[in-house]
$ cat data_34.csv   # CSV, C-alpha atoms and all ligand atoms
chain,number,residue,atom,x,y,z
E,1,MET,CA,-122.4,-83.3,51.3
E,2,LYS,CA,-119.1,-84.9,52.3
E,3,LYS,CA,-118.7,-88.4,53.7
E,4,ILE,CA,-116.6,-87.9,56.9
E,5,LEU,CA,-115.1,-91.0,58.5
E,6,VAL,CA,-114.0,-90.3,62.1
E,7,VAL,CA,-111.7,-92.7,63.8
E,8,ALA,CA,-112.8,-92.8,67.4
E,9,GLU,CA,-110.2,-92.5,70.2
E,10,HIS,CA,-110.7,-94.1,73.6
E,11,ARG,CA,-108.5,-95.2,76.4
E,12,LYS,CA,-109.3,-97.5,79.3
E,13,GLY,CA,-113.0,-97.6,78.6
E,14,GLU,CA,-113.4,-93.9,78.1
E,15,ILE,CA,-114.0,-92.0,74.9
E,16,ARG,CA,-111.5,-89.2,74.4
E,17,PRO,CA,-113.1,-85.8,74.0
E,18,VAL,CA,-111.3,-85.3,70.7
E,19,THR,CA,-113.7,-87.9,69.2
E,20,PHE,CA,-116.6,-85.6,69.8
E,21,GLU,CA,-114.7,-82.7,68.5
E,22,MET,CA,-114.2,-84.6,65.2
E,23,LEU,CA,-117.8,-85.6,65.1
E,24,ASN,CA,-118.5,-81.8,65.0
E,25,LEU,CA,-116.5,-81.4,61.7
E,26,SER,CA,-119.8,-81.6,59.8
E,27,SER,CA,-120.6,-78.2,61.2
E,28,SER,CA,-117.6,-76.8,59.4
E,29,ILE,CA,-117.9,-78.8,56.3
E,30,PRO,CA,-121.4,-80.1,55.7
E,31,GLY,CA,-121.5,-83.9,55.6
E,32,GLU,CA,-122.5,-87.2,57.0
E,33,THR,CA,-120.3,-88.5,59.8
E,34,THR,CA,-119.6,-92.2,60.2
E,35,CYS,CA,-117.5,-93.0,63.3
E,36,VAL,CA,-115.4,-96.1,63.4
E,37,ILE,CA,-114.6,-97.5,66.8
E,38,LEU,CA,-112.2,-100.3,67.2
E,39,GLY,CA,-111.5,-102.2,70.5
E,40,LYS,CA,-112.6,-104.8,72.9
E,41,ASP,CA,-115.9,-104.7,74.9
E,42,ILE,CA,-116.8,-101.3,73.2
E,43,GLY,CA,-120.6,-101.8,72.9
E,44,GLY,CA,-121.2,-99.1,75.6
E,45,MET,CA,-118.9,-96.6,74.0
E,46,ALA,CA,-120.4,-97.3,70.5
E,47,GLU,CA,-123.8,-96.6,72.0
E,48,GLU,CA,-122.6,-93.3,73.4
E,49,ILE,CA,-121.1,-92.2,70.1
E,50,SER,CA,-124.2,-93.2,68.2
E,51,LYS,CA,-126.0,-90.3,69.9
E,52,LYS,CA,-123.7,-87.9,68.2
E,53,ALA,CA,-122.9,-89.5,64.9
E,54,ASP,CA,-124.9,-90.3,61.7
E,55,ARG,CA,-123.6,-93.9,61.7
E,56,VAL,CA,-121.2,-96.0,63.8
E,57,ILE,CA,-119.1,-98.9,62.6
E,58,MET,CA,-117.9,-101.0,65.5
E,59,VAL,CA,-115.1,-103.6,65.2
E,60,GLN,CA,-114.5,-105.7,68.3
E,61,HIS,CA,-111.7,-108.2,68.9
E,62,ASP,CA,-109.5,-109.0,71.9
E,63,SER,CA,-106.4,-108.0,69.9
E,64,LEU,CA,-107.8,-104.5,69.4
E,65,GLU,CA,-108.0,-103.8,73.2
E,66,ASN,CA,-105.2,-101.3,73.0
E,67,PHE,CA,-104.1,-99.1,70.1
E,68,ASN,CA,-101.8,-100.8,67.7
E,69,SER,CA,-101.3,-99.0,64.4
E,70,GLU,CA,-100.7,-102.2,62.5
E,71,LEU,CA,-103.8,-103.9,63.7
E,72,TYR,CA,-105.9,-100.7,63.4
E,73,TRP,CA,-104.8,-100.4,59.7
E,74,VAL,CA,-105.8,-104.0,58.9
E,75,ALA,CA,-109.2,-103.3,60.5
E,76,LEU,CA,-109.6,-99.9,58.8
E,77,GLU,CA,-108.4,-100.9,55.3
E,78,GLU,CA,-111.6,-102.8,54.4
E,79,ILE,CA,-113.8,-100.1,55.9
E,80,ILE,CA,-112.1,-97.3,54.0
E,81,LYS,CA,-112.4,-99.2,50.8
E,82,GLU,CA,-116.1,-99.9,51.3
E,83,GLU,CA,-117.0,-96.5,52.6
E,84,ASN,CA,-114.9,-94.5,50.2
E,85,PRO,CA,-115.0,-91.4,52.5
E,86,ASP,CA,-114.1,-87.8,51.3
E,87,ILE,CA,-112.4,-87.1,54.6
E,88,ILE,CA,-110.8,-89.4,57.2
E,89,ALA,CA,-110.4,-87.6,60.5
E,90,LEU,CA,-108.2,-88.5,63.4
E,91,GLY,CA,-107.1,-86.6,66.5
E,92,HIS,CA,-103.7,-84.9,66.5
E,93,THR,CA,-102.7,-87.2,69.3
E,94,ALA,CA,-100.1,-89.9,69.8
E,95,MET,CA,-102.5,-92.3,68.1
E,96,GLY,CA,-103.5,-90.0,65.2
E,97,MET,CA,-99.9,-88.9,64.6
E,98,GLU,CA,-98.9,-92.5,64.2
E,99,LEU,CA,-101.9,-93.7,62.2
E,100,ALA,CA,-102.7,-90.8,59.9
E,101,PRO,CA,-99.5,-90.8,57.8
E,102,PHE,CA,-99.8,-94.5,57.5
E,103,ILE,CA,-103.3,-94.3,56.1
E,104,SER,CA,-102.4,-91.4,53.9
E,105,GLU,CA,-99.5,-93.3,52.4
E,106,ARG,CA,-101.5,-96.5,51.9
E,107,ILE,CA,-104.4,-94.9,50.1
E,108,ASP,CA,-102.3,-92.1,48.4
E,109,ALA,CA,-104.3,-89.3,49.9
E,110,PRO,CA,-103.2,-85.8,50.9
E,111,LEU,CA,-102.5,-85.5,54.6
E,112,ALA,CA,-103.0,-82.3,56.6
E,113,THR,CA,-102.0,-82.5,60.3
E,114,ASP,CA,-102.7,-80.5,63.4
E,115,ILE,CA,-105.4,-78.4,61.7
E,116,VAL,CA,-107.5,-75.9,63.6
E,117,LYS,CA,-110.1,-75.3,60.8
E,118,ILE,CA,-111.3,-76.9,57.7
E,119,GLU,CA,-113.6,-75.5,55.0
E,120,GLU,CA,-114.6,-75.9,51.4
E,121,VAL,CA,-113.7,-72.8,49.2
E,122,ASN,CA,-114.8,-72.9,45.6
E,123,GLY,CA,-114.9,-76.7,45.6
E,124,LYS,CA,-111.4,-77.0,47.1
E,125,ILE,CA,-110.6,-78.2,50.6
E,126,HIS,CA,-108.8,-75.5,52.7
E,127,VAL,CA,-107.3,-76.2,56.1
E,128,HIS,CA,-105.8,-73.8,58.7
E,129,LYS,CA,-102.8,-74.7,60.8
E,130,TYR,CA,-100.1,-73.0,62.8
E,131,VAL,CA,-96.6,-73.0,61.3
E,132,PHE,CA,-93.2,-71.7,62.2
E,133,SER,CA,-93.4,-72.5,66.0
E,134,ASN,CA,-97.0,-71.4,66.0
E,135,LYS,CA,-96.1,-67.9,65.0
E,136,ILE,CA,-98.2,-67.9,61.8
E,137,LEU,CA,-101.6,-69.2,61.1
E,138,ALA,CA,-101.5,-70.5,57.5
E,139,GLU,CA,-104.4,-71.4,55.2
E,140,LEU,CA,-103.6,-74.2,52.9
E,141,GLU,CA,-105.4,-75.4,49.8
E,142,LEU,CA,-105.1,-79.2,49.4
E,143,ARG,CA,-104.6,-80.8,46.0
E,144,ASP,CA,-107.7,-82.4,44.5
E,145,SER,CA,-108.2,-85.9,45.7
E,146,ASP,CA,-111.1,-88.3,46.3
E,147,THR,CA,-110.0,-88.7,49.9
E,148,TYR,CA,-108.2,-86.4,52.4
E,149,VAL,CA,-106.7,-87.5,55.7
E,150,ILE,CA,-106.6,-84.9,58.5
E,151,THR,CA,-105.6,-84.8,62.1
E,152,ILE,CA,-107.2,-82.1,64.2
E,153,ARG,CA,-105.7,-80.1,67.1
E,154,GLN,CA,-107.5,-81.0,70.4
E,155,GLY,CA,-109.6,-78.3,72.0
E,156,GLU,CA,-110.1,-76.3,68.7
E,157,PHE,CA,-113.4,-77.8,67.6
E,158,LYS,CA,-116.3,-77.7,70.0
E,159,GLU,CA,-117.4,-80.9,71.7
E,160,GLU,CA,-121.1,-80.0,71.9
E,161,ILE,CA,-123.0,-81.5,69.0
E,162,ASP,CA,-126.7,-81.8,68.3
E,163,ASP,CA,-128.2,-85.1,69.3
E,164,LYS,CA,-128.4,-87.8,66.6
E,165,ASN,CA,-129.4,-91.3,66.6
E,166,GLY,CA,-126.9,-93.2,64.4
E,167,GLU,CA,-127.2,-96.9,63.5
E,168,ILE,CA,-124.5,-99.1,64.9
E,169,GLU,CA,-123.1,-101.7,62.4
E,170,GLU,CA,-120.8,-104.4,63.7
E,171,ARG,CA,-118.0,-105.7,61.4
E,172,SER,CA,-115.9,-108.7,61.9
E,173,PHE,CA,-112.1,-108.7,62.2
E,174,THR,CA,-109.4,-111.4,61.7
E,175,PRO,CA,-106.0,-110.3,63.0
E,176,PRO,CA,-103.1,-111.1,60.7
E,177,GLY,CA,-100.9,-114.1,61.7
E,178,SER,CA,-97.9,-112.1,62.7
E,179,ILE,CA,-97.3,-108.4,63.4
E,180,SER,CA,-94.2,-106.5,64.4
E,181,LYS,CA,-95.6,-104.2,67.1
E,182,ARG,CA,-97.1,-105.2,70.4
E,183,PHE,CA,-98.6,-103.2,73.3
E,184,ILE,CA,-96.6,-103.4,76.5
E,185,GLU,CA,-98.2,-101.2,79.1
E,186,TYR,CA,-99.6,-97.8,79.9
E,187,VAL,CA,-97.3,-95.5,81.8
E,188,GLU,CA,-99.3,-93.0,83.8
E,189,PRO,CA,-98.0,-89.5,84.0
E,190,GLU,CA,-97.1,-88.2,87.4
E,191,GLU,CA,-100.0,-87.2,89.5
E,192,VAL,CA,-100.6,-83.4,89.4
E,193,GLY,CA,-102.3,-81.5,92.2
E,194,VAL,CA,-104.8,-79.6,90.0
E,195,ASP,CA,-106.0,-80.3,86.5
E,196,ILE,CA,-106.8,-76.8,85.2
E,197,SER,CA,-108.5,-78.2,82.1
E,198,LYS,CA,-111.3,-79.5,84.3
E,199,ALA,CA,-111.7,-76.3,86.4
E,200,ASP,CA,-114.9,-74.2,86.2
E,201,ILE,CA,-113.3,-71.1,87.5
E,202,ILE,CA,-109.7,-70.0,86.7
E,203,VAL,CA,-107.8,-67.0,88.0
E,204,SER,CA,-104.9,-66.7,85.6
E,205,VAL,CA,-101.9,-64.5,86.2
E,206,GLY,CA,-99.5,-63.0,83.7
E,207,ARG,CA,-96.2,-61.2,84.0
E,208,GLY,CA,-98.2,-58.2,85.4
E,209,ILE,CA,-98.2,-60.1,88.7
E,210,GLU,CA,-94.5,-59.0,88.9
E,211,ASP,CA,-93.2,-61.3,91.5
E,212,GLU,CA,-93.6,-64.8,93.0
E,213,GLY,CA,-94.7,-63.4,96.3
E,214,ASN,CA,-97.8,-61.8,94.6
E,215,ILE,CA,-99.2,-65.1,93.4
E,216,GLU,CA,-100.7,-65.2,96.9
E,217,LEU,CA,-103.1,-62.4,95.8
E,218,ALA,CA,-104.4,-64.6,92.9
E,219,GLU,CA,-104.7,-67.5,95.2
E,220,GLU,CA,-106.8,-65.5,97.6
E,221,LEU,CA,-109.1,-64.4,94.8
E,222,ALA,CA,-109.3,-68.0,93.5
E,223,GLU,CA,-110.3,-69.2,96.9
E,224,ALA,CA,-113.0,-66.5,97.2
E,225,LEU,CA,-114.4,-67.6,93.9
E,226,ASN,CA,-113.9,-71.3,94.5
E,227,GLY,CA,-111.5,-71.6,91.6
E,228,VAL,CA,-107.9,-72.5,90.8
E,229,VAL,CA,-104.9,-70.4,89.8
E,230,ALA,CA,-103.2,-70.8,86.4
E,231,GLY,CA,-100.7,-68.7,84.5
E,232,SER,CA,-99.2,-67.5,81.3
E,233,ARG,CA,-95.9,-68.9,80.1
E,234,PRO,CA,-93.6,-66.3,81.6
E,235,VAL,CA,-95.1,-67.0,85.0
E,236,ILE,CA,-94.4,-70.7,84.5
E,237,ASP,CA,-90.9,-70.2,83.1
E,238,SER,CA,-90.1,-68.0,86.1
E,239,GLY,CA,-91.0,-71.0,88.3
E,240,TRP,CA,-93.8,-69.1,90.1
E,241,LEU,CA,-96.3,-71.8,89.2
E,242,PRO,CA,-95.8,-75.4,88.1
E,243,LYS,CA,-95.8,-76.3,84.4
E,244,GLU,CA,-99.2,-78.1,84.6
E,245,ARG,CA,-100.8,-74.7,85.4
E,246,GLN,CA,-99.7,-73.1,82.0
E,247,VAL,CA,-102.5,-72.0,79.7
E,248,GLY,CA,-101.8,-71.7,76.0
E,249,ILE,CA,-100.4,-73.3,72.9
E,250,SER,CA,-97.5,-75.0,74.7
E,251,GLY,CA,-99.5,-75.5,77.9
E,252,LYS,CA,-103.1,-76.6,78.4
E,253,THR,CA,-106.4,-75.6,76.6
E,254,VAL,CA,-109.0,-74.6,79.1
E,255,LYS,CA,-112.7,-73.9,78.7
E,256,PRO,CA,-113.9,-72.8,82.2
E,257,LYS,CA,-117.2,-71.0,83.0
E,258,LEU,CA,-115.1,-68.1,84.1
E,259,TYR,CA,-111.6,-67.1,83.1
E,260,LEU,CA,-110.2,-64.1,84.9
E,261,ALA,CA,-107.0,-62.8,83.3
E,262,LEU,CA,-104.8,-60.7,85.6
E,263,GLY,CA,-102.0,-58.8,84.0
E,264,ILE,CA,-101.9,-60.9,80.9
E,265,SER,CA,-101.3,-59.1,77.6
E,266,GLY,CA,-103.1,-61.6,75.3
E,267,ALA,CA,-100.4,-63.0,73.0
E,268,PHE,CA,-102.0,-65.4,70.6
E,269,GLN,CA,-100.1,-68.3,72.0
E,270,HIS,CA,-102.0,-67.6,75.2
E,271,ILE,CA,-105.4,-66.8,73.6
E,272,VAL,CA,-105.4,-70.1,71.7
E,273,GLY,CA,-105.6,-71.9,75.1
E,274,MET,CA,-108.4,-70.0,76.7
E,275,LYS,CA,-110.5,-68.2,74.0
E,276,ASP,CA,-113.4,-70.7,74.3
E,277,SER,CA,-114.0,-70.0,78.0
E,278,GLU,CA,-117.6,-69.2,78.6
E,279,LEU,CA,-116.9,-65.8,80.3
E,280,ILE,CA,-113.6,-64.0,80.0
E,281,ILE,CA,-112.8,-61.0,82.3
E,282,ALA,CA,-109.5,-59.2,81.9
E,283,ILE,CA,-107.8,-56.8,84.2
E,284,ASN,CA,-104.9,-54.9,82.6
E,285,ARG,CA,-103.6,-51.4,83.0
E,286,ASP,CA,-103.0,-51.1,79.3
E,287,PRO,CA,-106.2,-50.2,77.5
E,288,GLU,CA,-104.6,-51.4,74.2
E,289,ALA,CA,-103.8,-54.9,75.5
E,290,PRO,CA,-104.9,-57.5,73.0
E,291,ILE,CA,-106.6,-59.6,75.8
E,292,PHE,CA,-109.4,-57.0,75.6
E,293,GLN,CA,-110.2,-58.2,72.1
E,294,VAL,CA,-111.3,-61.7,73.4
E,295,ALA,CA,-112.6,-60.6,76.9
E,296,HIS,CA,-116.3,-60.3,77.4
E,297,TYR,CA,-115.7,-57.7,80.2
E,298,GLY,CA,-112.5,-55.7,80.8
E,299,VAL,CA,-111.2,-53.6,83.6
E,300,VAL,CA,-108.5,-51.1,82.7
E,301,GLY,CA,-106.7,-50.8,86.0
E,302,ASP,CA,-103.9,-51.9,88.2
E,303,ILE,CA,-104.4,-55.5,89.5
E,304,PHE,CA,-102.9,-54.5,92.8
E,305,ASP,CA,-105.8,-52.0,93.2
E,306,VAL,CA,-108.6,-53.9,91.6
E,307,VAL,CA,-107.9,-57.5,93.0
E,308,PRO,CA,-107.8,-56.6,96.7
E,309,GLU,CA,-111.1,-54.6,96.3
E,310,LEU,CA,-112.6,-57.6,94.4
E,311,ILE,CA,-111.6,-60.0,97.2
E,312,GLU,CA,-113.1,-57.8,99.8
E,313,ARG,CA,-116.4,-57.5,98.0
E,314,LEU,CA,-116.6,-61.2,97.4
E,315,LYS,CA,-115.9,-61.9,101.0
E,316,LYS,CA,-118.6,-59.5,102.0
E,317,GLY,CA,-120.8,-61.8,99.8
E,401,LIG,C1,-93.5,-71.2,70.6
E,401,LIG,C2,-94.1,-70.4,71.7
E,401,LIG,C3,-95.0,-71.0,72.5
E,401,LIG,C4,-95.6,-70.2,73.5
E,401,LIG,N1,-96.5,-70.8,74.3
E,401,LIG,C5,-97.2,-70.0,75.2
E,401,LIG,C6,-98.2,-70.6,76.1
E,401,LIG,O1,-98.5,-71.8,76.0
E,401,LIG,N2,-98.8,-69.7,77.0
E,401,LIG,C7,-98.5,-68.4,77.1
E,401,LIG,O2,-99.1,-67.7,77.9
E,401,LIG,N3,-97.6,-67.9,76.3
E,401,LIG,C8,-96.9,-68.6,75.4
E,401,LIG,N4,-95.9,-68.1,74.7
E,401,LIG,C9,-95.4,-66.7,75.1
E,401,LIG,C10,-96.3,-65.6,74.5
E,401,LIG,O3,-95.8,-65.3,73.2
E,401,LIG,C11,-96.2,-64.4,75.4
E,401,LIG,O4,-94.9,-64.0,75.5
E,401,LIG,C12,-96.8,-64.6,76.7
E,401,LIG,O5,-98.1,-65.1,76.7
E,401,LIG,C13,-96.9,-63.2,77.5
E,401,LIG,O6,-97.3,-63.4,78.8
E,401,LIG,P1,-97.9,-62.3,79.7
E,401,LIG,O7,-99.2,-61.8,79.0
E,401,LIG,O8,-98.0,-62.8,81.0
E,401,LIG,O9,-96.8,-61.2,79.7
E,401,LIG,P2,-96.7,-59.8,78.9
E,401,LIG,O10,-96.8,-60.0,77.5
E,401,LIG,O11,-95.4,-59.2,79.4
E,401,LIG,O12,-97.9,-59.0,79.5
E,401,LIG,C14,-98.0,-58.5,80.8
E,401,LIG,C15,-99.3,-57.6,80.8
E,401,LIG,O13,-99.5,-57.2,82.1
E,401,LIG,C16,-100.0,-55.9,82.1
E,401,LIG,N5,-99.6,-55.4,83.4
E,401,LIG,C17,-98.4,-55.2,84.0
E,401,LIG,N6,-98.5,-54.8,85.2
E,401,LIG,C18,-99.8,-54.7,85.5
E,401,LIG,C19,-100.5,-54.3,86.7
E,401,LIG,N7,-99.9,-53.9,87.8
E,401,LIG,N8,-101.9,-54.3,86.6
E,401,LIG,C20,-102.5,-54.6,85.4
E,401,LIG,N9,-101.9,-55.0,84.3
E,401,LIG,C21,-100.5,-55.0,84.4
E,401,LIG,C22,-99.2,-55.2,81.0
E,401,LIG,O14,-100.0,-54.1,80.5
E,401,LIG,C23,-99.2,-56.4,80.0
E,401,LIG,O15,-100.3,-56.3,79.1
E,401,LIG,C24,-95.3,-68.8,73.7
E,401,LIG,C25,-94.3,-68.3,72.8
E,401,LIG,C26,-93.8,-69.0,71.8
E,401,LIG,C27,-92.8,-68.4,70.9
$ encode --input "data_34.csv" --output "structure tokens"
Amino acid sequence: MKKILVVAEHRKGEIRPVTFEMLNLSSSIPGETTCVILGKDIGGMAEEISKKADRVIMVQHDSLENFNSELYWVALEEIIKEENPDIIALGHTAMGMELAPFISERIDAPLATDIVKIEEVNGKIHVHKYVFSNKILAELELRDSDTYVITIRQGEFKEEIDDKNGEIEERSFTPPGSISKRFIEYVEPEEVGVDISKADIIVSVGRGIEDEGNIELAEELAEALNGVVAGSRPVIDSGWLPKERQVGISGKTVKPKLYLALGISGAFQHIVGMKDSELIIAINRDPEAPIFQVAHYGVVGDIFDVVPELIERLKKG
């Protein structure tokens, strides 16, 4: 049994989903998960996390209201020393990317970043991660160490975890007299019309849609299904749909109830972003298209024949 220390991530009073994905690591590598949450007025969030973690360590202080790697390290140093975890997990996020190398250097532990899988093989820790612009999925064996630091790719580990009832322990914190970094403000990204990562039904179009004018067909189907339209990278690169509608490794990860893939070949860069959808239906005229390997149902046919027929039947109810 490994001791897994998860550093919770939250923003503006909300726990980031990656925190729950990390709490699920114990399903890949059997262990006890202790989640550390640092912040201000975080009692409610600690309570929420305790339902999914074996233990929660909560550190509250005004100075910890917003992420600051220097202060986080000061708060974490003592906890790491006391807990002596086998694995320290952070999200592969702006916060994790800044903090994880810092922790790894300070405690002289191997660091594996942006991992999509972790397992123990013959007593050695193995991690999987994409390399060479995501073209190769590599399996790496980490050198022997008492502690490993990892950052996990968001959307790769499931968020759903069995209920637990972890104890919450509160620890005190005294900020250092002077620090060199300070939080200035959050800059919100521009408002986007549709957030495909939250959609239940996605009609996704690939290069098979042929032309910008044909996107209308996908929109009509999405409307009949009460869903939204997304696309593969060539569709976005052609400017037929906005960037925030891109599904895949360099776009968004989606997990809708229904993912309908129209004229999408199923390159792994696309699959990575949609493979955890509850139900995948693919329509492609090539019976050998790799998308059929992840689809639950497949239609070998021309989208320009199948989709209008589908819309008509849906409209008929
Ligand atoms: C670093 C990197 C990052 C990338 N990131 C992403 C990413 O985030 N998302 C992404 O999607 N891609 C990404 N790609 C691109 C990826 O490798 C593929 O090129 C891309 O996913 C292919 O898109 P597609 O399936 O729409 O097009 P294609 O591969 O051209 O497939 C079109 C499919 O449509 C079918 N078809 C054609 N006409 C019809 C018709 N009338 N009826 C039915 N079927 C038809 C064809 O049989 C074919 O299978 C990335 C690539 C790299 C190198």
$ residues_near_ligand --input "data_34.csv" --ligand "ligand LIG 401 (chain E)" --cutoff "6 Å" --atoms "only C-alpha atoms and all ligand atoms" --output "JSON, numbers by chain"
{"E": [133, 134, 206, 207, 208, 232, 233, 234, 247, 248, 249, 250, 251, 263, 264, 265, 266, 267, 269, 270, 283, 284, 285, 286, 289, 301, 302, 303, 304]}
$ atom_distance --input "data_34.csv" --atom1 "atom CA of E:Pro30" --atom2 "atom CA of E:Val18"
18.8 Å
$ closest_residue --input "data_34.csv" --among "E:Glu65, E:Glu185, E:Glu21, E:Asp108" --to "E:Thr151" --atoms "all atoms listed in the file"
E:Glu21
$ residues_around --input "data_34.csv" --residues "E:Val192" --least-positions-apart "4" --cutoff "12 Å" --atoms "only C-alpha atoms" --output "ChimeraX atom specification"
/E:188,196-197,242-245
$ residues_around --input "data_34.csv" --residues "stretch 36-43 of chain E" --least-positions-apart "2" --cutoff "10 Å" --atoms "only C-alpha atoms" --output "PyMOL selection string"
chain E and resi 5-11+13-15+19+33-34+45-49+55-67+71-72+75-76+79+168-171+173
$ atom_distance --input "data_34.csv" --atom1 "atom CA of E:Tyr297" --atom2 "atom CA of E:Tyr130"
27.9 Å
$ closest_residue --input "data_34.csv" --among "E:Arg182, E:Ile115, E:Lys81, E:Glu120" --to "E:Ser28" --atoms "all atoms listed in the file"
E:Glu120
